[in-house]
Amino acid sequence: MDLLKKIKENAIRLQNHIVLPEGSELRTLKATEQILKEKIARITLLGNPAVIEAIALKEGISITGARIVDPATDSSRNKYAELMVQLRQNKGVTIEKALDLLNDPLYFGVMMIKAGDVDGEVAGAINATGDVLRPAFQYVKTLPGVSVVSGLFFMIFKDKNIGDNGMLVFADCAVMPDPDAFQLAEIAVTTAASAKAIANIEPRVAMLSFSTKGSAQHELVDKVAQATKIAAEKNPDLLIDGEMQLDAALVPEVGQLKSPGSKVAGRANVLVFPGLESGNIGYKLVQRLAGAEAIGPVLQGMAAPINDLSRGCSVSDIVNMVAITANQAGEKI
Ligand code: ACO
């Protein structure tokens with residue numbers, strides 16, 4: 001079954017509650033209509049109810065069933081502000097500052113998650129990545145044992161011979177500009193876990209570089225080799241190898257030639273890029289020139305699921321991202 005179909009079916013079963021802070025944005029409203037119609041998730045929209053309802057009415061969009069919460073007047077403001085002070089008093093957050101920050105729906109949405117009032121958030125249709133991520137980093141923070149949040153893409157190809165039945169997982173393509181070896185190792189391990197949890201594949205992780213097994217000498221090559229070693233030592237069961245070039249990772253003959261005996265070379269299904277420049281450019285090259293569908297970025301390593309949209313996103317991108325976020329939120333007892 002195709003990945004998105006499976007993700008949507010699981011979301012329908014889970015019925016998690018997702019907050020959309022950009023509540024008066026047109027694509028977000030159209031996505032809300034579709035999400036509610038298909039029963040993919042419960043939805044809270046943030047914004048002024050009169051404004052949101054007027055836009056929906058004018059555009060003929062039904063958002064019946066969505067909860068609308070106004071960050072400027074909601075009765076939870078004081079509760080959230082107290083929680084913010086508790087969490088970041090040491091960073092100078094006072095009640096006054098917190099109440100001011102809560103006027104920003106991106107902070108309000110994150111505090112709804114932190115207080116357990118919703119299960120996840122999707123934003124970024126009209127806000128830059130950094131503005132979506134910063135409140136999440138500050139208040140939701142990372143999972144225990146994880147220090148970096150990163151972003152993966154499921155790259156879906158028409159040619160089912162590529163990767164795992166036509167799918168490759170790419171990371172980090174969205175968050176960490178220049179990870180060190182420890183952070184890169186963590187990104188590799190987290191990505192393998194996400195690939196398994198969300199797409200149900202057995203990860204074979206290639207740590208990409210411009211060198212394969214010492215064919216070039218440079219500190220950037222050393223970083224990838226060290227990251228591979230750290231990840232492998234901490235996770236002896238993980239199939240991971242590197243450093244290796246992209247052709248060695250994907251093409252069996254090249255993999256065997258450049259890295260003989262490797263269980264990953266030539267048959268990798270998870271590609272970990274050495275930094276955000278190559279990761280972000282790499283996924284866009286494959287998307288634009290090879291015509292692959294890019295599903296993501298799916299943010300991983302955060303203590304609760306928060307996902308960022310591209311500002312060029314379509315209505316179906318938002319629907320899909322809500323379904324993915326609902327999956328990440330998992331079972332609620
Ligand atoms: N994981 C977890 N926490 C992080 C991370 C991370 N990757 N990066 C920063 N933080 C935390 C810091 O520890 C800090 O926490 P603290 O305030 O409790 O001490 C807080 O976030 C702020 O840290 P700064 O270093 O001040 O981070 P800054 O806000 O300057 O930058 C940001 C973080 C916005 C994510 C930055 O790394 C960034 O802009 N990354 C690139 C994002 C991007 O533009 N991606 C490409 C577009 S996406 C696409 O094309 C699909």
# chains A, B, ... in the order shown; residues from 1 in each chain; ligands from 1

call {"tool": "residues_near_ligand", "arguments": {"ligand": "ligand 1", "cutoff": "8 Å", "atoms": "only C-alpha atoms and all ligand atoms", "output": "number ranges by chain"}}
result
A: 88, 91, 128-131, 133-139, 141-142, 147-151, 173-177, 276, 280, 296-297, 301-302, 308-310

call {"tool": "residues_around", "arguments": {"residues": "Asp119 in chain A", "least_positions_apart": "4", "cutoff": "8 Å", "atoms": "only C-alpha atoms", "output": "mmCIF file with N, CA, C and O atoms, in the first residue's frame"}}
result
data_model
loop_
_atom_site.group_PDB
_atom_site.id
_atom_site.type_symbol
_atom_site.label_atom_id
_atom_site.label_comp_id
_atom_site.auth_asym_id
_atom_site.auth_seq_id
_atom_site.Cartn_x
_atom_site.Cartn_y
_atom_site.Cartn_z
ATOM 1 N N ASN A 16 -5.935 11.743 16.643
ATOM 2 C CA ASN A 16 -5.199 12.694 17.466
ATOM 3 C C ASN A 16 -5.640 14.132 17.176
ATOM 4 O O ASN A 16 -6.318 14.397 16.183
ATOM 5 N N HIS A 17 -5.227 15.027 18.053
ATOM 6 C CA HIS A 17 -5.699 16.421 18.014
ATOM 7 C C HIS A 17 -4.531 17.330 17.612
ATOM 8 O O HIS A 17 -3.535 17.400 18.332
ATOM 9 N N ILE A 18 -4.653 17.987 16.472
ATOM 10 C CA ILE A 18 -3.547 18.777 15.929
ATOM 11 C C ILE A 18 -3.938 20.257 15.904
ATOM 12 O O ILE A 18 -5.046 20.612 15.483
ATOM 13 N N VAL A 19 -3.002 21.113 16.340
ATOM 14 C CA VAL A 19 -3.256 22.559 16.295
ATOM 15 C C VAL A 19 -2.595 23.149 15.046
ATOM 16 O O VAL A 19 -1.460 22.824 14.715
ATOM 17 N N ILE A 113 0.564 22.215 23.287
ATOM 18 C CA ILE A 113 1.149 20.863 23.275
ATOM 19 C C ILE A 113 1.779 20.574 24.632
ATOM 20 O O ILE A 113 1.561 19.529 25.234
ATOM 21 N N ALA A 304 7.569 16.253 21.258
ATOM 22 C CA ALA A 304 6.196 16.085 20.746
ATOM 23 C C ALA A 304 6.232 16.461 19.268
ATOM 24 O O ALA A 304 7.076 17.264 18.861
ATOM 25 N N PRO A 305 5.345 15.906 18.461
ATOM 26 C CA PRO A 305 5.455 16.161 17.028
ATOM 27 C C PRO A 305 5.038 17.569 16.608
ATOM 28 O O PRO A 305 3.912 18.002 16.873
ATOM 29 N N ALA A 326 -0.026 13.350 13.141
ATOM 30 C CA ALA A 326 -0.935 12.525 13.959
ATOM 31 C C ALA A 326 -0.330 11.139 14.171
ATOM 32 O O ALA A 326 -0.433 10.572 15.258
ATOM 33 N N ALA A 329 2.386 11.378 16.766
ATOM 34 C CA ALA A 329 1.840 11.533 18.128
ATOM 35 C C ALA A 329 1.458 10.176 18.708
ATOM 36 O O ALA A 329 1.430 10.008 19.931
#

call {"tool": "select_by_dssp", "arguments": {"residues": "range 285-317 of chain A", "states": "strand (DSSP E or B)", "output": "PyMOL selection string"}}
result
chain A and resi 293-300+302+306-308

call {"tool": "select_by_dssp", "arguments": {"residues": "range 13-110 of chain A", "states": "helix (DSSP H, G or I)", "output": "PyMOL selection string"}}
result
chain A and resi 13-14+26-38+49-59+77-91+95-101+105-110

call {"tool": "closest_residue", "arguments": {"among": "A:Ala192, A:Arg311, A:Ala171, A:Pro144", "to": "Ile281 in chain A", "atoms": "only C-alpha atoms"}}
result
A:Ala171

call {"tool": "atom_distance", "arguments": {"atom1": "CA of Leu271 in chain A", "atom2": "CA of Ala206 in chain A"}}
result
5.1 Å

call {"tool": "closest_residue", "arguments": {"among": "A:Glu253, A:Gly116, A:Pro274, A:Leu101", "to": "Asp180 in chain A", "atoms": "only C-alpha atoms"}}
result
A:Pro274

call {"tool": "closest_residue", "arguments": {"among": "A:Ala193, A:Leu20, A:Ala185, A:Leu46", "to": "Gln300 in chain A", "atoms": "only C-alpha atoms"}}
result
A:Ala193

call {"tool": "residues_around", "arguments": {"residues": "Ala66 in chain A", "least_positions_apart": "2", "cutoff": "6 Å", "atoms": "only C-alpha atoms", "output": "PDB file with N, CA and C atoms, in the first residue's frame"}}
result
ATOM      1  N   ILE A  43      -9.072  18.992  14.909  1.00  0.00           N
ATOM      2  CA  ILE A  43      -8.311  20.203  14.574  1.00  0.00           C
ATOM      3  C   ILE A  43      -8.678  21.371  15.479  1.00  0.00           C
ATOM      4  N   THR A  44      -7.641  22.072  15.965  1.00  0.00           N
ATOM      5  CA  THR A  44      -7.841  23.398  16.570  1.00  0.00           C
ATOM      6  C   THR A  44      -7.146  24.423  15.681  1.00  0.00           C
ATOM      7  N   ILE A  63     -15.763  24.513   7.971  1.00  0.00           N
ATOM      8  CA  ILE A  63     -14.828  24.121   9.029  1.00  0.00           C
ATOM      9  C   ILE A  63     -15.601  23.681  10.282  1.00  0.00           C
ATOM     10  N   THR A  64     -16.839  23.279  10.062  1.00  0.00           N
ATOM     11  CA  THR A  64     -17.654  22.786  11.177  1.00  0.00           C
ATOM     12  C   THR A  64     -16.953  21.586  11.797  1.00  0.00           C
TER      13      THR A  64
END
